[in-house]
file data_28.cif (mmCIF, C-alpha atoms)
data_run
#
loop_
_atom_site.label_atom_id
_atom_site.label_comp_id
_atom_site.auth_asym_id
_atom_site.auth_seq_id
_atom_site.Cartn_x
_atom_site.Cartn_y
_atom_site.Cartn_z
CA MET A 23 -3.98 125.64 165.21
CA THR A 24 -1.28 125.71 167.84
CA GLY A 25 0.96 123.29 169.63
CA GLY A 26 4.42 124.03 168.19
CA VAL A 27 7.49 125.45 169.82
CA GLN A 28 7.08 128.88 168.29
CA GLU A 29 3.69 130.33 169.08
CA ALA A 30 2.28 133.84 168.96
CA ARG A 31 -1.40 134.73 168.81
CA THR A 32 -2.46 138.28 168.26
CA THR A 33 -5.70 139.82 167.10
CA VAL A 34 -5.26 142.24 164.24
CA SER A 35 -8.80 143.39 164.94
CA GLY A 36 -11.90 141.99 166.56
CA THR A 37 -12.68 140.22 163.30
CA VAL A 38 -9.29 138.97 162.08
CA ALA A 39 -7.04 136.68 164.12
CA TYR A 40 -3.36 136.02 163.47
CA ASP A 41 -1.39 133.05 164.80
CA LEU A 42 2.24 132.17 164.18
CA THR A 43 3.33 128.64 165.03
CA ASP A 44 6.37 126.77 163.70
CA GLY A 45 6.76 129.09 160.73
CA VAL A 46 3.07 128.93 159.78
CA ALA A 47 0.97 132.09 160.02
CA THR A 48 -2.73 131.33 160.29
CA ILE A 49 -5.03 134.21 159.38
CA THR A 50 -8.61 133.61 160.45
CA LEU A 51 -11.57 135.67 159.30
CA ASP A 52 -13.42 135.81 162.60
CA ARG A 53 -16.88 137.24 162.17
CA PRO A 54 -18.88 134.01 162.18
CA ASP A 55 -22.22 135.59 163.04
CA ALA A 56 -22.11 137.38 159.67
CA MET A 57 -20.53 134.49 157.73
CA ASN A 58 -17.26 136.43 157.77
CA SER A 59 -18.64 138.99 155.34
CA LEU A 60 -16.24 141.85 154.85
CA THR A 61 -16.74 145.33 156.24
CA VAL A 62 -14.25 148.14 155.57
CA ALA A 63 -12.68 147.66 159.01
CA MET A 64 -12.34 143.92 158.42
CA LYS A 65 -10.79 144.43 154.98
CA GLU A 66 -8.26 146.83 156.46
CA ALA A 67 -7.43 144.30 159.18
CA LEU A 68 -7.09 141.51 156.62
CA LEU A 69 -4.73 143.62 154.53
CA ALA A 70 -2.64 144.32 157.64
CA ALA A 71 -2.53 140.60 158.41
CA VAL A 72 -1.43 139.45 154.95
CA GLU A 73 1.14 142.25 154.76
CA ARG A 74 2.47 141.17 158.14
CA ALA A 75 2.79 137.56 157.00
CA ALA A 76 4.41 138.59 153.73
CA GLY A 77 7.03 140.73 155.42
CA ASP A 78 7.95 138.50 158.35
CA ASP A 79 10.96 136.25 157.67
CA ALA A 80 9.78 133.95 160.47
CA VAL A 81 6.71 133.12 158.37
CA ARG A 82 7.42 130.45 155.76
CA ALA A 83 3.85 129.43 154.93
CA VAL A 84 0.40 130.94 155.45
CA ILE A 85 -3.07 129.53 156.07
CA LEU A 86 -6.14 131.64 155.30
CA THR A 87 -9.38 130.32 156.79
CA GLY A 88 -12.69 131.34 158.33
CA ALA A 89 -14.35 130.87 161.70
CA GLY A 90 -17.71 129.17 162.05
CA ARG A 91 -19.71 127.78 159.15
CA ALA A 92 -18.38 130.08 156.42
CA PHE A 93 -15.03 130.83 154.87
CA CYS A 94 -16.17 134.24 153.67
CA ALA A 95 -19.48 135.36 152.18
CA GLY A 96 -17.85 138.31 150.42
CA GLN A 97 -18.80 141.95 150.83
CA ASP A 98 -20.97 142.89 153.79
CA LEU A 99 -24.10 143.91 151.93
CA ARG A 100 -25.61 145.79 154.87
CA GLU A 101 -22.66 148.15 154.91
CA HIS A 102 -22.78 148.33 151.11
CA ALA A 103 -26.50 149.21 151.17
CA ASP A 104 -25.74 152.04 153.58
CA ASN A 105 -23.06 153.32 151.20
CA LEU A 106 -25.50 153.20 148.30
CA ALA A 107 -28.11 155.09 150.30
CA ALA A 108 -25.52 157.74 151.19
CA GLY A 109 -24.48 158.10 147.55
CA ARG A 110 -21.01 156.62 148.08
CA GLY A 111 -21.59 153.55 145.91
CA LEU A 112 -18.74 151.06 146.15
CA ASP A 113 -16.67 153.75 147.90
CA ASP A 114 -13.67 152.65 145.81
CA THR A 115 -13.33 149.54 148.00
CA VAL A 116 -12.13 147.38 145.11
CA ARG A 117 -9.06 149.55 144.55
CA ARG A 118 -8.48 150.48 148.20
CA HIS A 119 -9.06 147.10 149.83
CA TYR A 120 -9.70 144.05 147.70
CA ASN A 121 -6.98 144.58 145.09
CA PRO A 122 -4.18 145.18 147.63
CA VAL A 123 -5.19 142.08 149.62
CA VAL A 124 -5.17 139.87 146.53
CA GLU A 125 -1.93 141.34 145.21
CA THR A 126 -0.25 140.76 148.58
CA ILE A 127 -1.42 137.14 148.73
CA THR A 128 -0.33 136.33 145.20
CA SER A 129 2.99 138.16 145.32
CA MET A 130 4.25 137.19 148.76
CA PRO A 131 7.40 135.03 148.46
CA LYS A 132 5.93 132.12 150.42
CA PRO A 133 3.08 129.65 149.79
CA VAL A 134 -0.46 130.44 150.91
CA VAL A 135 -3.00 127.70 151.66
CA ALA A 136 -6.73 128.44 151.73
CA ALA A 137 -8.58 126.19 154.18
CA VAL A 138 -12.16 126.64 153.00
CA ASN A 139 -14.40 125.51 155.82
CA GLY A 140 -17.77 126.53 154.41
CA VAL A 141 -19.37 129.07 152.09
CA ALA A 142 -16.98 131.02 149.87
CA ALA A 143 -18.94 133.53 147.83
CA GLY A 144 -18.16 136.61 145.80
CA ALA A 145 -14.98 138.26 147.01
CA GLY A 146 -14.69 135.44 149.56
CA ALA A 147 -14.33 132.95 146.72
CA SER A 148 -11.86 135.33 145.06
CA LEU A 149 -9.69 135.29 148.20
CA ALA A 150 -9.56 131.50 148.15
CA MET A 151 -8.71 131.44 144.44
CA ALA A 152 -5.85 133.87 145.00
CA CYS A 153 -4.13 131.38 147.29
CA ASP A 154 -1.59 128.89 145.96
CA LEU A 155 -3.37 125.78 147.23
CA ILE A 156 -6.97 125.23 148.33
CA ILE A 157 -8.10 122.54 150.77
CA ALA A 158 -11.86 122.41 151.17
CA SER A 159 -14.11 120.86 153.76
CA ASP A 160 -16.72 118.49 152.36
CA ARG A 161 -19.20 121.08 153.63
CA ALA A 162 -17.64 123.88 151.60
CA SER A 163 -19.24 125.52 148.60
CA PHE A 164 -18.22 128.17 146.10
CA SER A 165 -20.27 130.81 144.33
CA THR A 166 -19.12 133.69 142.15
CA ALA A 167 -22.26 135.57 143.29
CA PHE A 168 -21.43 138.88 141.58
CA THR A 169 -24.07 138.87 138.84
CA GLY A 170 -26.69 137.92 141.41
CA ILE A 171 -26.45 141.48 142.72
CA GLY A 172 -25.80 143.09 139.35
CA LEU A 173 -22.04 143.47 139.65
CA ALA A 174 -18.95 142.44 137.70
CA PRO A 175 -16.33 140.09 139.17
CA ASP A 176 -13.59 141.63 141.25
CA SER A 177 -10.70 140.73 143.55
CA GLY A 178 -8.95 138.97 140.69
CA MET A 179 -11.64 136.39 139.96
CA SER A 180 -11.71 137.11 136.21
CA TRP A 181 -7.99 136.25 136.16
CA THR A 182 -7.79 133.34 138.61
CA LEU A 183 -10.99 131.45 137.86
CA GLN A 184 -10.40 130.86 134.14
CA ARG A 185 -6.85 129.70 134.89
CA LEU A 186 -8.21 127.16 137.34
CA VAL A 187 -11.16 125.77 135.38
CA GLY A 188 -10.78 127.09 131.80
CA ARG A 189 -12.51 129.99 130.11
CA ALA A 190 -15.74 128.25 129.15
CA LYS A 191 -16.45 126.95 132.65
CA ALA A 192 -15.35 130.25 134.19
CA ALA A 193 -17.84 132.09 131.96
CA GLU A 194 -20.60 129.71 133.04
CA LEU A 195 -19.80 130.11 136.73
CA LEU A 196 -19.55 133.88 136.47
CA LEU A 197 -22.66 134.37 134.35
CA LEU A 198 -24.96 131.97 136.19
CA GLY A 199 -23.54 132.33 139.68
CA GLU A 200 -24.63 128.84 140.70
CA ARG A 201 -23.34 127.31 143.93
CA ILE A 202 -20.67 124.67 143.45
CA LYS A 203 -20.29 122.06 146.18
CA ALA A 204 -16.88 120.82 147.28
CA ALA A 205 -16.93 117.55 145.35
CA GLU A 206 -17.77 119.32 142.09
CA ALA A 207 -15.13 121.96 142.80
CA LEU A 208 -12.56 119.18 143.13
CA GLY A 209 -13.65 117.65 139.83
CA LEU A 210 -13.32 121.02 138.11
CA GLY A 211 -9.83 121.59 139.45
CA LEU A 212 -11.01 124.56 141.48
CA VAL A 213 -9.61 123.04 144.69
CA ASN A 214 -6.68 120.72 145.36
CA ARG A 215 -8.20 118.49 148.05
CA VAL A 216 -11.49 117.84 149.82
CA VAL A 217 -11.46 116.43 153.34
CA PRO A 218 -14.12 115.72 155.98
CA ALA A 219 -15.05 118.86 157.90
CA ASP A 220 -13.48 117.69 161.17
CA GLU A 221 -10.20 116.97 159.39
CA LEU A 222 -9.85 120.32 157.61
CA ALA A 223 -7.86 122.20 160.26
CA PRO A 224 -5.30 119.42 160.89
CA ALA A 225 -4.97 118.73 157.15
CA ALA A 226 -4.30 122.42 156.45
CA VAL A 227 -1.77 122.61 159.27
CA GLU A 228 -0.01 119.46 158.08
CA LEU A 229 0.29 120.81 154.54
CA ALA A 230 1.38 124.27 155.67
CA ARG A 231 4.00 122.84 158.04
CA ARG A 232 5.34 120.70 155.22
CA LEU A 233 5.67 123.82 153.11
CA ALA A 234 7.15 125.80 156.00
CA ALA A 235 9.89 123.16 156.32
CA GLY A 236 10.67 123.35 152.61
CA PRO A 237 12.86 125.51 150.36
CA THR A 238 11.08 128.85 150.76
CA ARG A 239 13.14 130.66 148.14
CA ALA A 240 12.40 127.90 145.61
CA TYR A 241 8.69 128.15 146.40
CA ALA A 242 8.85 131.90 145.78
CA ALA A 243 10.49 131.16 142.43
CA VAL A 244 7.69 128.72 141.54
CA LYS A 245 5.09 131.42 142.20
CA ALA A 246 7.06 133.97 140.19
CA ALA A 247 7.54 131.57 137.27
CA LEU A 248 3.86 130.66 137.10
CA ASP A 249 2.73 134.28 137.26
CA HIS A 250 5.17 135.31 134.54
CA ALA A 251 4.29 132.40 132.25
CA ALA A 252 0.57 133.15 132.56
CA ALA A 253 1.08 136.45 130.75
CA HIS A 254 4.10 135.83 128.49
CA ASP A 255 5.18 133.64 125.60
CA LEU A 256 7.47 130.62 125.83
CA SER A 257 10.64 132.49 124.96
CA SER A 258 10.07 135.04 127.71
CA SER A 259 9.11 132.30 130.16
CA LEU A 260 12.31 130.38 129.41
CA ALA A 261 14.33 133.51 130.11
CA LYS A 262 12.45 134.09 133.36
CA GLU A 263 13.07 130.51 134.45
CA ALA A 264 16.78 130.91 133.77
CA ASP A 265 16.91 134.07 135.90
CA LEU A 266 15.04 132.40 138.74
CA GLN A 267 17.25 129.34 138.54
CA ASP A 268 20.35 131.51 138.78
CA ALA A 269 18.97 133.08 141.94
CA CYS A 270 18.00 129.74 143.50
CA GLU A 271 21.41 128.27 142.72
CA LYS A 272 22.95 130.81 145.08
CA THR A 273 20.76 129.87 148.07
CA ALA A 274 22.03 127.99 151.09
CA ASP A 275 19.10 125.60 150.76
CA HIS A 276 20.20 124.50 147.30
CA HIS A 277 23.81 123.98 148.36
CA ASN A 278 22.86 122.13 151.52
CA ALA A 279 20.34 119.93 149.71
CA THR A 280 22.91 119.01 147.07
CA GLN A 281 25.36 117.94 149.76
CA ALA A 282 22.62 116.01 151.56
CA PHE A 283 21.85 114.15 148.33
CA LEU A 284 25.49 113.14 147.92
CA LYS A 285 25.54 111.91 151.52
CA LYS A 286 22.23 110.05 151.04
CA GLU A 287 20.65 112.19 153.77
CA GLN A 288 17.37 114.07 153.94
CA PRO A 289 17.91 117.79 153.32
CA VAL A 290 17.07 120.33 156.01
CA PHE A 291 15.79 123.55 154.47
CA GLU A 292 16.17 126.84 156.32
CA GLY A 293 14.39 129.08 153.85
CA ARG A 294 17.48 130.99 152.77
#
call {"tool": "encode", "arguments": {"input": "data_28.cif", "output": "structure tokens"}}
result
Amino acid sequence: MTGGVQEARTTVSGTVAYDLTDGVATITLDRPDAMNSLTVAMKEALLAAVERAAGDDAVRAVILTGAGRAFCAGQDLREHADNLAAGRGLDDTVRRHYNPVVETITSMPKPVVAAVNGVAAGAGASLAMACDLIIASDRASFSTAFTGIGLAPDSGMSWTLQRLVGRAKAAELLLLGERIKAAEALGLGLVNRVVPADELAPAAVELARRLAAGPTRAYAAVKAALDHAAAHDLSSSLAKEADLQDACEKTADHHNATQAFLKKEQPVFEGR
């Protein structure tokens, strides 16, 4: 996903790649031989990548995707089995790794697009659901997977899933753990778009570049408003909106866009 005037590819680790092109940071889970299942080292690299994207002013939109035939199959169960055998159990990985990754994705002041190229299961599905928009390949599938190995949901799935599909359907998906194909996921409102597999990468780049060229501070306010409203009543949400609107009113993007409107011109947003 390159080809722009501003390009930088670095490897956070051997299993996570990071590209920055035209204001879009693309984070690729790159362990295709294991369906991008997450080891401790990979989770640490992923956290470093999302924190880097969140803190870099040159990044105005983010794509999270996977290499090969899977988006992410969740926890690496071979590593987990070794931990169980050694008496370490989950080794506090939910608190040390998964929660910080999800919190960074959801709180970063810029939009995050999940480009789901294949299987998204367990924590892998949670990562996709934490993103602001989800584009799925027609070969993609989603599975909560947790109860299949006798575990509870984690990585925010109990919070995100019911907000995407409603509590009743979320309970069904979590309890039964059945695989949901892309078309059904679209019908449920779990994803925003489904595209042919060979069109996924360009479609994700097109959407992310559109977002990267937009009013970044306003997008951050949208994320903040939605998160606040999900846990507060109308009165509190109205007050939050007013505070966010006051902040956005002071941005250069708002002032420039207002002038562009008066001149019947297309606004140019600089993200400030």
call {"tool": "closest_atom_pairs", "arguments": {"input": "data_28.cif", "of": "stretch 96-192 of chain A", "to": "stretch 240-255 of chain A", "cutoff": "8 Å", "atoms": "only C-alpha atoms", "output": "JSON lines"}}
result
{"residue": "A:Thr128", "atom": "CA", "partner": "A:Lys245", "partner_atom": "CA", "distance": 7.9}
{"residue": "A:Ser129", "atom": "CA", "partner": "A:Lys245", "partner_atom": "CA", "distance": 7.7}
{"residue": "A:Met130", "atom": "CA", "partner": "A:Ala242", "partner_atom": "CA", "distance": 7.6}
{"residue": "A:Pro131", "atom": "CA", "partner": "A:Ala242", "partner_atom": "CA", "distance": 4.4}
{"residue": "A:Lys132", "atom": "CA", "partner": "A:Ala242", "partner_atom": "CA", "distance": 5.5}
{"residue": "A:Pro133", "atom": "CA", "partner": "A:Tyr241", "partner_atom": "CA", "distance": 6.7}
call {"tool": "closest_atom_pairs", "arguments": {"input": "data_28.cif", "of": "stretch 116-204 of chain A", "to": "stretch 90-93 of chain A", "cutoff": "8 Å", "atoms": "all atoms listed in the file", "output": "tab-separated table"}}
result
residue	atom	partner	partner_atom	distance
A:Ala137	CA	A:Phe93	CA	8.0
A:Val138	CA	A:Phe93	CA	5.4
A:Asn139	CA	A:Phe93	CA	5.4
A:Gly140	CA	A:Ala92	CA	4.1
A:Val141	CA	A:Ala92	CA	4.6
A:Ala142	CA	A:Phe93	CA	5.4
A:Gly146	CA	A:Phe93	CA	7.0
A:Ala162	CA	A:Ala92	CA	7.9
call {"tool": "write_last_selection", "arguments": {"input": "data_28.cif", "atoms": "C-alpha atoms", "output": "PDB file, in the frame of the given file"}}
result
ATOM      1  CA  ALA A 137      -8.580 126.190 154.180  1.00  0.00           C
ATOM      2  CA  VAL A 138     -12.160 126.640 153.000  1.00  0.00           C
ATOM      3  CA  ASN A 139     -14.400 125.510 155.820  1.00  0.00           C
ATOM      4  CA  GLY A 140     -17.770 126.530 154.410  1.00  0.00           C
ATOM      5  CA  VAL A 141     -19.370 129.070 152.090  1.00  0.00           C
ATOM      6  CA  ALA A 142     -16.980 131.020 149.870  1.00  0.00           C
ATOM      7  CA  GLY A 146     -14.690 135.440 149.560  1.00  0.00           C
ATOM      8  CA  ALA A 162     -17.640 123.880 151.600  1.00  0.00           C
TER       9      ALA A 162
END
call {"tool": "atom_distance", "arguments": {"input": "data_28.cif", "atom1": "atom CA of A:Leu68", "atom2": "atom CA of A:Ala226"}}
result
19.3 Å
call {"tool": "resolve_selection", "arguments": {"input": "data_28.cif", "expression": "the PyMOL selection byres ((chain A and resi 144) around 6)", "output": "PDB file with C-alpha atoms, in the coordinates of the input"}}
result
ATOM      1  CA  GLY A  96     -17.850 138.310 150.420  1.00  0.00           C
ATOM      2  CA  ALA A 143     -18.940 133.530 147.830  1.00  0.00           C
ATOM      3  CA  ALA A 145     -14.980 138.260 147.010  1.00  0.00           C
ATOM      4  CA  GLY A 146     -14.690 135.440 149.560  1.00  0.00           C
ATOM      5  CA  ALA A 147     -14.330 132.950 146.720  1.00  0.00           C
ATOM      6  CA  THR A 166     -19.120 133.690 142.150  1.00  0.00           C
ATOM      7  CA  ALA A 167     -22.260 135.570 143.290  1.00  0.00           C
ATOM      8  CA  PHE A 168     -21.430 138.880 141.580  1.00  0.00           C
TER       9      PHE A 168
END
call {"tool": "residues_around", "arguments": {"input": "data_28.cif", "residues": "A:Lys191", "least_positions_apart": "4", "cutoff": "12 Å", "atoms": "all atoms listed in the file", "output": "ChimeraX atom specification"}}
result
/A:166,180,183-187,195-200,202,207,210-212
call {"tool": "closest_residue", "arguments": {"input": "data_28.cif", "among": "A:Arg161, A:His102, A:Lys286, A:Lys203", "to": "A:Val217", "atoms": "all atoms listed in the file"}}
result
A:Arg161
call {"tool": "residues_around", "arguments": {"input": "data_28.cif", "residues": "A:Leu51", "least_positions_apart": "6", "cutoff": "10 Å", "atoms": "all atoms listed in the file", "output": "number ranges by chain"}}
result
A: 35-40, 57-60, 64-65, 67-68, 86-90, 92-94
call {"tool": "decode", "arguments": {"input": "data_28.cif", "residues": "stretch 196-233 of chain A", "atoms": "C-alpha atoms", "output": "short mmCIF file (atom, residue, chain, number, x, y, z; two decimals), in the first residue's frame"}}
result
data_model
loop_
_atom_site.label_atom_id
_atom_site.label_comp_id
_atom_site.auth_asym_id
_atom_site.auth_seq_id
_atom_site.Cartn_x
_atom_site.Cartn_y
_atom_site.Cartn_z
CA LEU A 196 -20.62 -15.03 22.02
CA LEU A 197 -22.40 -18.08 23.43
CA LEU A 198 -22.43 -20.20 20.28
CA GLY A 199 -19.21 -18.98 18.70
CA GLU A 200 -20.41 -19.75 15.18
CA ARG A 201 -18.48 -18.46 12.19
CA ILE A 202 -20.09 -15.51 10.44
CA LYS A 203 -19.25 -14.99 6.77
CA ALA A 204 -18.70 -11.52 5.33
CA ALA A 205 -22.13 -11.15 3.72
CA GLU A 206 -23.91 -12.02 6.96
CA ALA A 207 -21.61 -9.70 8.89
CA LEU A 208 -22.64 -6.87 6.57
CA GLY A 209 -26.32 -7.65 7.10
CA LEU A 210 -25.83 -7.60 10.87
CA GLY A 211 -24.08 -4.24 10.79
CA LEU A 212 -20.86 -5.82 12.03
CA VAL A 213 -18.92 -4.41 9.05
CA ASN A 214 -19.38 -1.29 6.94
CA ARG A 215 -18.55 -2.69 3.50
CA VAL A 216 -17.75 -5.97 1.77
CA VAL A 217 -15.63 -5.95 -1.38
CA PRO A 218 -14.09 -8.64 -3.60
CA ALA A 219 -10.85 -9.98 -2.15
CA ASP A 220 -8.66 -8.44 -4.85
CA GLU A 221 -10.22 -5.03 -4.25
CA LEU A 222 -9.79 -4.94 -0.47
CA ALA A 223 -6.37 -3.28 -0.29
CA PRO A 224 -7.15 -0.48 -2.78
CA ALA A 225 -10.59 0.09 -1.22
CA ALA A 226 -9.06 0.40 2.25
CA VAL A 227 -6.38 2.78 0.98
CA GLU A 228 -8.95 4.90 -0.85
CA LEU A 229 -11.09 5.22 2.27
CA ALA A 230 -8.14 5.90 4.55
CA ARG A 231 -6.73 8.54 2.20
CA ARG A 232 -10.12 10.22 2.10
CA LEU A 233 -10.10 10.32 5.88
#
